Amino acid sequence: MNDNLKKKPVVVRARVLGYCMGVRRAMEGAHKAALDASGGKVWTLGPLIHNKTALDMLASEGVQILKDGDFSKIQKDDVVVIRAHGVTPAVKDEVTSLSRAVVDATCPRVMLSQKRVADFAAKGYTVIIAGDKNHGEVTGIAGCATAAATGDSRCILLGNTTDAAEYVSQVAEGKEPLPEKAILISQTTISRREYDSIAEVLAPAISGLEVFDTICPATTERQDALVDLQGQVDGVLIIGGKNSANTQRLLTSAQRYFDRAALIETADEIPPEFFDLERVGLSAGASTPDEVIDGVERRLQNGRD
């Protein structure tokens with residue numbers, strides 16, 4: 001095709017997109033472990049992040065994934081990388097005893113939550129965690145609370161406001177003990193609205209409940225930056241893993257604010273109609289590699305083949 005006939009949209013990046021601090025730290029830790037490996041294998045406890053391209057990059061460097069709880073493959077010369085979500089103290093102790101070294105790539109924000117619940121549980125507080133009960137981050141934080149618990153300390157997991165209301169009802173009926181002292185923290189990626197609603201349900205029932213703001217700003221920052229693209233572009237591409245929760249939330253917002261929005265994992269998936277737009281906005285989930293974002297921009301600027 002004649003170059004003059006090629007469609008080359010102007011690309012406008014959201015001011016905040018791609019890797020968050022915790023994910024970048026985890027990826028760098030895994031890359032370094034692969035470079036420093038001396039004979040042994042490098043394992044991650046579950047997929048390091050929710051992005052297939054990033055995982056393929058790590059696999060090309062020899063980094064392998066261990067399924068949850070499957071530690072039989074770990075040898076004494078191996079290195080184990082703990083992903084950003086973190087793990088329970090028991091899991092960390094076990095993989096430490098089996099391997100040559102452990103790279104703890106737990107996100108610092110998650111580490112803070114782990115330390116906080118352990119400190120309060122050790123003082124006899126009931127620890128209430130709001131978030132996805134099956135998520136690795138929540139499992140790890142709950143494990144830290146349980147391991148440090150003393151006295152009347154308990155750990156309660158609440159997935160949403162319905163769970164919170166049910167818990168309050170059980171306390172009122174005497175089916176659950178009324179905590180004398182309790183704290184509420186959240187999974188770092190819970191929605192602000194959901195967390196505030198859970199706190200509003202619990203506060204009247206639990207006198208002196210201490211509520212900590214443990215939501216990571218990365219999700220909100222990317223959402224705000226996406227909204228700022230309004231009026232600047234004719235359509236938006238959200239780049240990231242299709243199984244990434246924060247990337248899916250970006251897509252939902254993009255579909256609300258823009259006439260054209262699509263989720264892609266790589267440049268090969270750019271819908272043809274985006275090459276016909278004058279201005280295309282780019283946003284990306286917190287687990288999307290810089291290289292993938294750069295590749296999408298190059299493909300758009302090169303125009304349709």
# chains A, B, ... in the order shown; residues from 1 in each chain; ligands from 1
call {"tool": "select_by_dssp", "arguments": {"residues": "segment 123-292 of chain A", "states": "alpha helix (DSSP H)", "output": "PDB file with N, CA, C and O atoms, in the first residue's frame"}}
result
ATOM      1  N   GLY A 136      -4.692 -14.234  46.583  1.00  0.00           N
ATOM      2  CA  GLY A 136      -3.437 -14.527  47.261  1.00  0.00           C
ATOM      3  C   GLY A 136      -3.046 -13.477  48.285  1.00  0.00           C
ATOM      4  O   GLY A 136      -2.504 -13.803  49.353  1.00  0.00           O
ATOM      5  N   GLU A 137      -3.289 -12.219  47.978  1.00  0.00           N
ATOM      6  CA  GLU A 137      -2.933 -11.152  48.919  1.00  0.00           C
ATOM      7  C   GLU A 137      -3.701 -11.294  50.228  1.00  0.00           C
ATOM      8  O   GLU A 137      -3.129 -11.196  51.318  1.00  0.00           O
ATOM      9  N   VAL A 138      -5.006 -11.532  50.121  1.00  0.00           N
ATOM     10  CA  VAL A 138      -5.845 -11.665  51.310  1.00  0.00           C
ATOM     11  C   VAL A 138      -5.444 -12.903  52.112  1.00  0.00           C
ATOM     12  O   VAL A 138      -5.359 -12.860  53.345  1.00  0.00           O
ATOM     13  N   THR A 139      -5.168 -13.985  51.424  1.00  0.00           N
ATOM     14  CA  THR A 139      -4.737 -15.219  52.092  1.00  0.00           C
ATOM     15  C   THR A 139      -3.452 -14.988  52.886  1.00  0.00           C
ATOM     16  O   THR A 139      -3.316 -15.436  54.031  1.00  0.00           O
ATOM     17  N   GLY A 140      -2.499 -14.269  52.268  1.00  0.00           N
ATOM     18  CA  GLY A 140      -1.230 -13.998  52.945  1.00  0.00           C
ATOM     19  C   GLY A 140      -1.396 -13.112  54.154  1.00  0.00           C
ATOM     20  O   GLY A 140      -0.810 -13.357  55.226  1.00  0.00           O
ATOM     21  N   ILE A 141      -2.197 -12.053  54.024  1.00  0.00           N
ATOM     22  CA  ILE A 141      -2.420 -11.135  55.151  1.00  0.00           C
ATOM     23  C   ILE A 141      -3.134 -11.856  56.292  1.00  0.00           C
ATOM     24  O   ILE A 141      -2.769 -11.717  57.466  1.00  0.00           O
ATOM     25  N   ALA A 142      -4.152 -12.645  55.930  1.00  0.00           N
ATOM     26  CA  ALA A 142      -4.878 -13.390  56.956  1.00  0.00           C
ATOM     27  C   ALA A 142      -3.948 -14.375  57.674  1.00  0.00           C
ATOM     28  O   ALA A 142      -4.044 -14.558  58.894  1.00  0.00           O
ATOM     29  N   GLY A 143      -3.030 -14.987  56.926  1.00  0.00           N
ATOM     30  CA  GLY A 143      -2.086 -15.911  57.530  1.00  0.00           C
ATOM     31  C   GLY A 143      -1.180 -15.229  58.542  1.00  0.00           C
ATOM     32  O   GLY A 143      -0.842 -15.803  59.584  1.00  0.00           O
ATOM     33  N   CYS A 144      -0.792 -13.974  58.240  1.00  0.00           N
ATOM     34  CA  CYS A 144       0.044 -13.210  59.173  1.00  0.00           C
ATOM     35  C   CYS A 144      -0.717 -12.893  60.452  1.00  0.00           C
ATOM     36  O   CYS A 144      -0.164 -12.943  61.560  1.00  0.00           O
ATOM     37  N   ALA A 145      -2.005 -12.570  60.318  1.00  0.00           N
ATOM     38  CA  ALA A 145      -2.826 -12.271  61.490  1.00  0.00           C
ATOM     39  C   ALA A 145      -3.013 -13.514  62.341  1.00  0.00           C
ATOM     40  O   ALA A 145      -2.877 -13.473  63.573  1.00  0.00           O
ATOM     41  N   THR A 146      -3.306 -14.628  61.691  1.00  0.00           N
ATOM     42  CA  THR A 146      -3.560 -15.871  62.417  1.00  0.00           C
ATOM     43  C   THR A 146      -2.309 -16.359  63.140  1.00  0.00           C
ATOM     44  O   THR A 146      -2.367 -16.827  64.284  1.00  0.00           O
ATOM     45  N   ALA A 147      -1.156 -16.233  62.475  1.00  0.00           N
ATOM     46  CA  ALA A 147       0.096 -16.704  63.074  1.00  0.00           C
ATOM     47  C   ALA A 147       0.468 -15.914  64.325  1.00  0.00           C
ATOM     48  O   ALA A 147       1.108 -16.459  65.234  1.00  0.00           O
ATOM     49  N   ALA A 148       0.068 -14.643  64.367  1.00  0.00           N
ATOM     50  CA  ALA A 148       0.455 -13.785  65.493  1.00  0.00           C
ATOM     51  C   ALA A 148      -0.631 -13.664  66.557  1.00  0.00           C
ATOM     52  O   ALA A 148      -0.425 -13.015  67.592  1.00  0.00           O
ATOM     53  N   THR A 161     -20.266  -5.863  51.107  1.00  0.00           N
ATOM     54  CA  THR A 161     -21.166  -5.312  52.126  1.00  0.00           C
ATOM     55  C   THR A 161     -22.177  -6.354  52.600  1.00  0.00           C
ATOM     56  O   THR A 161     -22.610  -6.306  53.758  1.00  0.00           O
ATOM     57  N   THR A 162     -22.545  -7.287  51.733  1.00  0.00           N
ATOM     58  CA  THR A 162     -23.467  -8.346  52.148  1.00  0.00           C
ATOM     59  C   THR A 162     -22.834  -9.206  53.231  1.00  0.00           C
ATOM     60  O   THR A 162     -23.476  -9.538  54.240  1.00  0.00           O
ATOM     61  N   ASP A 163     -21.562  -9.545  53.045  1.00  0.00           N
ATOM     62  CA  ASP A 163     -20.836 -10.308  54.070  1.00  0.00           C
ATOM     63  C   ASP A 163     -20.750  -9.515  55.367  1.00  0.00           C
ATOM     64  O   ASP A 163     -20.899 -10.074  56.470  1.00  0.00           O
ATOM     65  N   ALA A 164     -20.507  -8.206  55.240  1.00  0.00           N
ATOM     66  CA  ALA A 164     -20.393  -7.356  56.426  1.00  0.00           C
ATOM     67  C   ALA A 164     -21.707  -7.317  57.191  1.00  0.00           C
ATOM     68  O   ALA A 164     -21.732  -7.415  58.424  1.00  0.00           O
ATOM     69  N   ALA A 165     -22.808  -7.170  56.467  1.00  0.00           N
ATOM     70  CA  ALA A 165     -24.126  -7.134  57.109  1.00  0.00           C
ATOM     71  C   ALA A 165     -24.440  -8.458  57.785  1.00  0.00           C
ATOM     72  O   ALA A 165     -25.005  -8.493  58.890  1.00  0.00           O
ATOM     73  N   GLU A 166     -24.075  -9.564  57.141  1.00  0.00           N
ATOM     74  CA  GLU A 166     -24.292 -10.888  57.719  1.00  0.00           C
ATOM     75  C   GLU A 166     -23.462 -11.052  58.991  1.00  0.00           C
ATOM     76  O   GLU A 166     -23.956 -11.615  59.994  1.00  0.00           O
ATOM     77  N   TYR A 167     -22.227 -10.581  58.966  1.00  0.00           N
ATOM     78  CA  TYR A 167     -21.368 -10.667  60.155  1.00  0.00           C
ATOM     79  C   TYR A 167     -21.963  -9.864  61.306  1.00  0.00           C
ATOM     80  O   TYR A 167     -22.034 -10.341  62.449  1.00  0.00           O
ATOM     81  N   VAL A 168     -22.412  -8.647  61.020  1.00  0.00           N
ATOM     82  CA  VAL A 168     -23.023  -7.797  62.053  1.00  0.00           C
ATOM     83  C   VAL A 168     -24.270  -8.469  62.623  1.00  0.00           C
ATOM     84  O   VAL A 168     -24.520  -8.445  63.841  1.00  0.00           O
ATOM     85  N   SER A 169     -25.052  -9.106  61.761  1.00  0.00           N
ATOM     86  CA  SER A 169     -26.255  -9.806  62.201  1.00  0.00           C
ATOM     87  C   SER A 169     -25.908 -10.959  63.136  1.00  0.00           C
ATOM     88  O   SER A 169     -26.568 -11.169  64.171  1.00  0.00           O
ATOM     89  N   GLN A 170     -24.855 -11.688  62.804  1.00  0.00           N
ATOM     90  CA  GLN A 170     -24.449 -12.819  63.638  1.00  0.00           C
ATOM     91  C   GLN A 170     -23.924 -12.347  64.988  1.00  0.00           C
ATOM     92  O   GLN A 170     -24.142 -13.003  66.011  1.00  0.00           O
ATOM     93  N   VAL A 171     -23.250 -11.207  64.996  1.00  0.00           N
ATOM     94  CA  VAL A 171     -22.779 -10.632  66.257  1.00  0.00           C
ATOM     95  C   VAL A 171     -23.980 -10.245  67.116  1.00  0.00           C
ATOM     96  O   VAL A 171     -24.032 -10.514  68.328  1.00  0.00           O
ATOM     97  N   ALA A 172     -24.979  -9.603  66.489  1.00  0.00           N
ATOM     98  CA  ALA A 172     -26.169  -9.165  67.218  1.00  0.00           C
ATOM     99  C   ALA A 172     -26.940 -10.346  67.804  1.00  0.00           C
ATOM    100  O   ALA A 172     -27.537 -10.256  68.878  1.00  0.00           O
ATOM    101  N   ARG A 192     -12.814   1.609  46.217  1.00  0.00           N
ATOM    102  CA  ARG A 192     -13.004   2.547  47.326  1.00  0.00           C
ATOM    103  C   ARG A 192     -14.448   2.537  47.805  1.00  0.00           C
ATOM    104  O   ARG A 192     -14.722   2.551  49.010  1.00  0.00           O
ATOM    105  N   ARG A 193     -15.388   2.497  46.884  1.00  0.00           N
ATOM    106  CA  ARG A 193     -16.802   2.522  47.250  1.00  0.00           C
ATOM    107  C   ARG A 193     -17.172   1.306  48.090  1.00  0.00           C
ATOM    108  O   ARG A 193     -17.876   1.425  49.111  1.00  0.00           O
ATOM    109  N   GLU A 194     -16.692   0.131  47.687  1.00  0.00           N
ATOM    110  CA  GLU A 194     -17.007  -1.096  48.422  1.00  0.00           C
ATOM    111  C   GLU A 194     -16.417  -1.055  49.821  1.00  0.00           C
ATOM    112  O   GLU A 194     -17.082  -1.420  50.809  1.00  0.00           O
ATOM    113  N   TYR A 195     -15.188  -0.591  49.930  1.00  0.00           N
ATOM    114  CA  TYR A 195     -14.521  -0.556  51.235  1.00  0.00           C
ATOM    115  C   TYR A 195     -15.220   0.417  52.174  1.00  0.00           C
ATOM    116  O   TYR A 195     -15.466   0.102  53.343  1.00  0.00           O
ATOM    117  N   ASP A 196     -15.556   1.594  51.672  1.00  0.00           N
ATOM    118  CA  ASP A 196     -16.250   2.579  52.498  1.00  0.00           C
ATOM    119  C   ASP A 196     -17.603   2.033  52.962  1.00  0.00           C
ATOM    120  O   ASP A 196     -18.014   2.266  54.114  1.00  0.00           O
ATOM    121  N   SER A 197     -18.285   1.311  52.086  1.00  0.00           N
ATOM    122  CA  SER A 197     -19.587   0.748  52.444  1.00  0.00           C
ATOM    123  C   SER A 197     -19.450  -0.309  53.535  1.00  0.00           C
ATOM    124  O   SER A 197     -20.263  -0.377  54.462  1.00  0.00           O
ATOM    125  N   ILE A 198     -18.422  -1.133  53.435  1.00  0.00           N
ATOM    126  CA  ILE A 198     -18.177  -2.158  54.454  1.00  0.00           C
ATOM    127  C   ILE A 198     -17.902  -1.499  55.803  1.00  0.00           C
ATOM    128  O   ILE A 198     -18.436  -1.911  56.847  1.00  0.00           O
ATOM    129  N   ALA A 199     -17.083  -0.460  55.789  1.00  0.00           N
ATOM    130  CA  ALA A 199     -16.767   0.257  57.034  1.00  0.00           C
ATOM    131  C   ALA A 199     -18.026   0.869  57.646  1.00  0.00           C
ATOM    132  O   ALA A 199     -18.209   0.842  58.881  1.00  0.00           O
ATOM    133  N   GLU A 200     -18.902   1.399  56.811  1.00  0.00           N
ATOM    134  CA  GLU A 200     -20.142   2.019  57.296  1.00  0.00           C
ATOM    135  C   GLU A 200     -21.068   0.995  57.944  1.00  0.00           C
ATOM    136  O   GLU A 200     -21.779   1.301  58.904  1.00  0.00           O
ATOM    137  N   VAL A 201     -21.052  -0.232  57.438  1.00  0.00           N
ATOM    138  CA  VAL A 201     -21.880  -1.292  58.015  1.00  0.00           C
ATOM    139  C   VAL A 201     -21.316  -1.738  59.366  1.00  0.00           C
ATOM    140  O   VAL A 201     -22.065  -1.981  60.322  1.00  0.00           O
ATOM    141  N   LEU A 202     -19.999  -1.824  59.468  1.00  0.00           N
ATOM    142  CA  LEU A 202     -19.366  -2.352  60.673  1.00  0.00           C
ATOM    143  C   LEU A 202     -19.290  -1.355  61.824  1.00  0.00           C
ATOM    144  O   LEU A 202     -19.457  -1.730  62.999  1.00  0.00           O
ATOM    145  N   PRO A 217      -3.069   3.438  45.674  1.00  0.00           N
ATOM    146  CA  PRO A 217      -3.526   4.499  44.786  1.00  0.00           C
ATOM    147  C   PRO A 217      -3.321   4.190  43.310  1.00  0.00           C
ATOM    148  O   PRO A 217      -3.834   4.899  42.452  1.00  0.00           O
ATOM    149  N   ALA A 218      -2.576   3.115  42.998  1.00  0.00           N
ATOM    150  CA  ALA A 218      -2.256   2.816  41.594  1.00  0.00           C
ATOM    151  C   ALA A 218      -3.503   2.656  40.742  1.00  0.00           C
ATOM    152  O   ALA A 218      -3.579   3.168  39.620  1.00  0.00           O
ATOM    153  N   THR A 219      -4.497   1.951  41.268  1.00  0.00           N
ATOM    154  CA  THR A 219      -5.725   1.733  40.497  1.00  0.00           C
ATOM    155  C   THR A 219      -6.447   3.034  40.243  1.00  0.00           C
ATOM    156  O   THR A 219      -6.861   3.335  39.119  1.00  0.00           O
ATOM    157  N   THR A 220      -6.594   3.844  41.290  1.00  0.00           N
ATOM    158  CA  THR A 220      -7.285   5.134  41.152  1.00  0.00           C
ATOM    159  C   THR A 220      -6.531   6.060  40.217  1.00  0.00           C
ATOM    160  O   THR A 220      -7.143   6.761  39.386  1.00  0.00           O
ATOM    161  N   GLU A 221      -5.211   6.073  40.321  1.00  0.00           N
ATOM    162  CA  GLU A 221      -4.405   6.931  39.447  1.00  0.00           C
ATOM    163  C   GLU A 221      -4.610   6.594  37.978  1.00  0.00           C
ATOM    164  O   GLU A 221      -4.729   7.493  37.135  1.00  0.00           O
ATOM    165  N   ARG A 222      -4.676   5.305  37.670  1.00  0.00           N
ATOM    166  CA  ARG A 222      -4.868   4.893  36.278  1.00  0.00           C
ATOM    167  C   ARG A 222      -6.285   5.189  35.799  1.00  0.00           C
ATOM    168  O   ARG A 222      -6.486   5.558  34.647  1.00  0.00           O
ATOM    169  N   GLN A 223      -7.237   5.055  36.699  1.00  0.00           N
ATOM    170  CA  GLN A 223      -8.617   5.397  36.345  1.00  0.00           C
ATOM    171  C   GLN A 223      -8.755   6.895  36.072  1.00  0.00           C
ATOM    172  O   GLN A 223      -9.366   7.306  35.077  1.00  0.00           O
ATOM    173  N   ASP A 224      -8.170   7.716  36.933  1.00  0.00           N
ATOM    174  CA  ASP A 224      -8.250   9.168  36.763  1.00  0.00           C
ATOM    175  C   ASP A 224      -7.553   9.612  35.476  1.00  0.00           C
ATOM    176  O   ASP A 224      -8.049  10.494  34.755  1.00  0.00           O
ATOM    177  N   ALA A 225      -6.394   9.008  35.206  1.00  0.00           N
ATOM    178  CA  ALA A 225      -5.646   9.370  33.996  1.00  0.00           C
ATOM    179  C   ALA A 225      -6.415   8.981  32.738  1.00  0.00           C
ATOM    180  O   ALA A 225      -6.359   9.682  31.719  1.00  0.00           O
ATOM    181  N   LEU A 226      -7.147   7.873  32.803  1.00  0.00           N
ATOM    182  CA  LEU A 226      -7.972   7.450  31.675  1.00  0.00           C
ATOM    183  C   LEU A 226      -9.082   8.466  31.417  1.00  0.00           C
ATOM    184  O   LEU A 226      -9.305   8.881  30.276  1.00  0.00           O
ATOM    185  N   VAL A 227      -9.754   8.881  32.466  1.00  0.00           N
ATOM    186  CA  VAL A 227     -10.846   9.851  32.330  1.00  0.00           C
ATOM    187  C   VAL A 227     -10.336  11.167  31.744  1.00  0.00           C
ATOM    188  O   VAL A 227     -11.030  11.832  30.962  1.00  0.00           O
ATOM    189  N   ALA A 245      -7.679  -8.125  36.963  1.00  0.00           N
ATOM    190  CA  ALA A 245      -8.859  -7.422  37.478  1.00  0.00           C
ATOM    191  C   ALA A 245      -8.769  -5.918  37.251  1.00  0.00           C
ATOM    192  O   ALA A 245      -9.739  -5.272  36.839  1.00  0.00           O
ATOM    193  N   ASN A 246      -7.589  -5.325  37.517  1.00  0.00           N
ATOM    194  CA  ASN A 246      -7.502  -3.863  37.380  1.00  0.00           C
ATOM    195  C   ASN A 246      -7.571  -3.442  35.910  1.00  0.00           C
ATOM    196  O   ASN A 246      -8.089  -2.372  35.582  1.00  0.00           O
ATOM    197  N   THR A 247      -7.090  -4.315  35.004  1.00  0.00           N
ATOM    198  CA  THR A 247      -7.194  -4.017  33.576  1.00  0.00           C
ATOM    199  C   THR A 247      -8.651  -4.092  33.116  1.00  0.00           C
ATOM    200  O   THR A 247      -9.108  -3.246  32.334  1.00  0.00           O
ATOM    201  N   GLN A 248      -9.385  -5.062  33.617  1.00  0.00           N
ATOM    202  CA  GLN A 248     -10.801  -5.178  33.274  1.00  0.00           C
ATOM    203  C   GLN A 248     -11.587  -3.964  33.785  1.00  0.00           C
ATOM    204  O   GLN A 248     -12.506  -3.478  33.108  1.00  0.00           O
ATOM    205  N   ARG A 249     -11.201  -3.447  34.948  1.00  0.00           N
ATOM    206  CA  ARG A 249     -11.880  -2.251  35.464  1.00  0.00           C
ATOM    207  C   ARG A 249     -11.588  -1.042  34.579  1.00  0.00           C
ATOM    208  O   ARG A 249     -12.449  -0.184  34.382  1.00  0.00           O
ATOM    209  N   LEU A 250     -10.373  -0.970  34.050  1.00  0.00           N
ATOM    210  CA  LEU A 250     -10.052   0.108  33.117  1.00  0.00           C
ATOM    211  C   LEU A 250     -10.916   0.010  31.862  1.00  0.00           C
ATOM    212  O   LEU A 250     -11.418   1.024  31.362  1.00  0.00           O
ATOM    213  N   LEU A 251     -11.094  -1.212  31.361  1.00  0.00           N
ATOM    214  CA  LEU A 251     -11.924  -1.396  30.177  1.00  0.00           C
ATOM    215  C   LEU A 251     -13.361  -0.958  30.447  1.00  0.00           C
ATOM    216  O   LEU A 251     -13.981  -0.278  29.615  1.00  0.00           O
ATOM    217  N   THR A 252     -13.898  -1.341  31.592  1.00  0.00           N
ATOM    218  CA  THR A 252     -15.269  -0.951  31.943  1.00  0.00           C
ATOM    219  C   THR A 252     -15.418   0.566  31.954  1.00  0.00           C
ATOM    220  O   THR A 252     -16.402   1.118  31.424  1.00  0.00           O
ATOM    221  N   SER A 253     -14.441   1.264  32.518  1.00  0.00           N
ATOM    222  CA  SER A 253     -14.481   2.725  32.545  1.00  0.00           C
ATOM    223  C   SER A 253     -14.353   3.294  31.139  1.00  0.00           C
ATOM    224  O   SER A 253     -15.053   4.247  30.775  1.00  0.00           O
ATOM    225  N   ALA A 254     -13.464   2.719  30.344  1.00  0.00           N
ATOM    226  CA  ALA A 254     -13.271   3.209  28.974  1.00  0.00           C
ATOM    227  C   ALA A 254     -14.551   3.073  28.153  1.00  0.00           C
ATOM    228  O   ALA A 254     -14.904   3.955  27.369  1.00  0.00           O
ATOM    229  N   GLN A 255     -15.261   1.975  28.343  1.00  0.00           N
ATOM    230  CA  GLN A 255     -16.514   1.764  27.620  1.00  0.00           C
ATOM    231  C   GLN A 255     -17.586   2.757  28.061  1.00  0.00           C
ATOM    232  O   GLN A 255     -18.496   3.075  27.291  1.00  0.00           O
ATOM    233  N   ARG A 256     -17.450   3.251  29.289  1.00  0.00           N
ATOM    234  CA  ARG A 256     -18.408   4.225  29.802  1.00  0.00           C
ATOM    235  C   ARG A 256     -18.125   5.625  29.263  1.00  0.00           C
ATOM    236  O   ARG A 256     -19.052   6.390  28.965  1.00  0.00           O
ATOM    237  N   TYR A 257     -16.848   5.960  29.112  1.00  0.00           N
ATOM    238  CA  TYR A 257     -16.472   7.337  28.782  1.00  0.00           C
ATOM    239  C   TYR A 257     -16.158   7.580  27.309  1.00  0.00           C
ATOM    240  O   TYR A 257     -16.101   8.725  26.871  1.00  0.00           O
ATOM    241  N   ASP A 290       6.330  -2.308  29.978  1.00  0.00           N
ATOM    242  CA  ASP A 290       6.622  -1.130  29.155  1.00  0.00           C
ATOM    243  C   ASP A 290       6.802  -1.521  27.692  1.00  0.00           C
ATOM    244  O   ASP A 290       6.354  -0.798  26.785  1.00  0.00           O
ATOM    245  N   GLU A 291       7.474  -2.663  27.468  1.00  0.00           N
ATOM    246  CA  GLU A 291       7.754  -3.086  26.102  1.00  0.00           C
ATOM    247  C   GLU A 291       6.483  -3.317  25.289  1.00  0.00           C
ATOM    248  O   GLU A 291       6.441  -3.056  24.086  1.00  0.00           O
ATOM    249  N   VAL A 292       5.445  -3.816  25.951  1.00  0.00           N
ATOM    250  CA  VAL A 292       4.182  -4.084  25.254  1.00  0.00           C
ATOM    251  C   VAL A 292       3.490  -2.771  24.885  1.00  0.00           C
ATOM    252  O   VAL A 292       2.974  -2.613  23.777  1.00  0.00           O
TER     253      VAL A 292
END
call {"tool": "select_by_dssp", "arguments": {"residues": "segment 131-284 of chain A", "states": "strand (DSSP E or B)", "output": "ChimeraX atom specification"}}
result
/A:155-158,182-186,210-211,235-239,261-264,279-284
call {"tool": "residues_around", "arguments": {"residues": "Leu17 of chain A", "least_positions_apart": "2", "cutoff": "8 Å", "atoms": "only C-alpha atoms", "output": "list in words"}}
result
Arg13, Ala14, Arg15, Tyr19, Arg222, Ala225, Ser283, Ala284, Gly285 and Ala286 of chain A
call {"tool": "write_last_selection", "arguments": {"atoms": "N, CA and C atoms", "output": "PDB file, in the first residue's frame"}}
result
ATOM      1  N   ARG A  13      -0.849   8.950  25.096  1.00  0.00           N
ATOM      2  CA  ARG A  13      -0.770   8.065  26.258  1.00  0.00           C
ATOM      3  C   ARG A  13      -1.429   8.729  27.474  1.00  0.00           C
ATOM      4  N   ALA A  14      -2.103   7.910  28.292  1.00  0.00           N
ATOM      5  CA  ALA A  14      -2.572   8.395  29.585  1.00  0.00           C
ATOM      6  C   ALA A  14      -1.348   8.774  30.415  1.00  0.00           C
ATOM      7  N   ARG A  15      -1.501   9.783  31.251  1.00  0.00           N
ATOM      8  CA  ARG A  15      -0.344  10.276  32.014  1.00  0.00           C
ATOM      9  C   ARG A  15       0.175   9.245  33.014  1.00  0.00           C
ATOM     10  N   TYR A  19       3.028  -0.652  34.529  1.00  0.00           N
ATOM     11  CA  TYR A  19       3.501  -1.187  35.804  1.00  0.00           C
ATOM     12  C   TYR A  19       3.302  -0.234  36.982  1.00  0.00           C
ATOM     13  N   ARG A 222      -4.676   5.305  37.670  1.00  0.00           N
ATOM     14  CA  ARG A 222      -4.868   4.893  36.278  1.00  0.00           C
ATOM     15  C   ARG A 222      -6.285   5.189  35.799  1.00  0.00           C
ATOM     16  N   ALA A 225      -6.394   9.008  35.206  1.00  0.00           N
ATOM     17  CA  ALA A 225      -5.646   9.370  33.996  1.00  0.00           C
ATOM     18  C   ALA A 225      -6.415   8.981  32.738  1.00  0.00           C
ATOM     19  N   SER A 283      -4.109   3.350  27.426  1.00  0.00           N
ATOM     20  CA  SER A 283      -4.005   3.141  28.864  1.00  0.00           C
ATOM     21  C   SER A 283      -3.599   1.699  29.065  1.00  0.00           C
ATOM     22  N   ALA A 284      -3.086   1.364  30.250  1.00  0.00           N
ATOM     23  CA  ALA A 284      -2.616  -0.003  30.482  1.00  0.00           C
ATOM     24  C   ALA A 284      -2.728  -0.349  31.949  1.00  0.00           C
ATOM     25  N   GLY A 285      -3.048  -1.611  32.204  1.00  0.00           N
ATOM     26  CA  GLY A 285      -3.166  -2.091  33.565  1.00  0.00           C
ATOM     27  C   GLY A 285      -1.838  -2.095  34.304  1.00  0.00           C
ATOM     28  N   ALA A 286      -1.907  -2.241  35.615  1.00  0.00           N
ATOM     29  CA  ALA A 286      -0.717  -2.148  36.464  1.00  0.00           C
ATOM     30  C   ALA A 286       0.249  -3.308  36.294  1.00  0.00           C
TER      31      ALA A 286
END
call {"tool": "atom_distance", "arguments": {"atom1": "atom CA of Ser60 of chain A", "atom2": "atom CA of Glu269 of chain A"}}
result
21.9 Å
call {"tool": "residues_around", "arguments": {"residues": "segment 212-214 of chain A", "least_positions_apart": "2", "cutoff": "9 Å", "atoms": "only C-alpha atoms", "output": "ChimeraX atom specification"}}
result
/A:109-110,112-113,183-189,210,216
call {"tool": "residues_around", "arguments": {"residues": "Ala34 of chain A", "least_positions_apart": "3", "cutoff": "7 Å", "atoms": "only C-alpha atoms", "output": "count of residues only"}}
result
7
call {"tool": "atom_distance", "arguments": {"atom1": "atom CA of Ile206 of chain A", "atom2": "atom CA of Ile190 of chain A"}}
result
21.7 Å
call {"tool": "residues_around", "arguments": {"residues": "Cys107 of chain A", "least_positions_apart": "2", "cutoff": "9 Å", "atoms": "only C-alpha atoms", "output": "list in words"}}
result
Met21, Gly22, Val23, Arg25, Ala26, Arg83, Ala84, His85, Gly86, Asp104, Ala105, Arg109, Val110, Met111 and Leu112 of chain A
call {"tool": "closest_residue", "arguments": {"among": "A:Gln232, A:Asp78, A:Asp259, A:Ile65", "to": "Gly39 of chain A", "atoms": "only C-alpha atoms"}}
result
A:Asp78
call {"tool": "closest_residue", "arguments": {"among": "A:Ala267, A:Val233, A:Val79, A:Ala121", "to": "Ser99 of chain A", "atoms": "only C-alpha atoms"}}
result
A:Val79
call {"tool": "closest_residue", "arguments": {"among": "A:Glu173, A:Glu180, A:Glu278, A:Asp132", "to": "Ser153 of chain A", "atoms": "only C-alpha atoms"}}
result
A:Glu180
call {"tool": "residues_around", "arguments": {"residues": "Gly235 of chain A", "least_positions_apart": "3", "cutoff": "9 Å", "atoms": "only C-alpha atoms", "output": "PyMOL selection string"}}
result
chain A and resi 254+258-262+274+277+279-282
call {"tool": "atom_distance", "arguments": {"atom1": "atom CA of Leu66 of chain A", "atom2": "atom CA of Pro289 of chain A"}}
result
21.7 Å
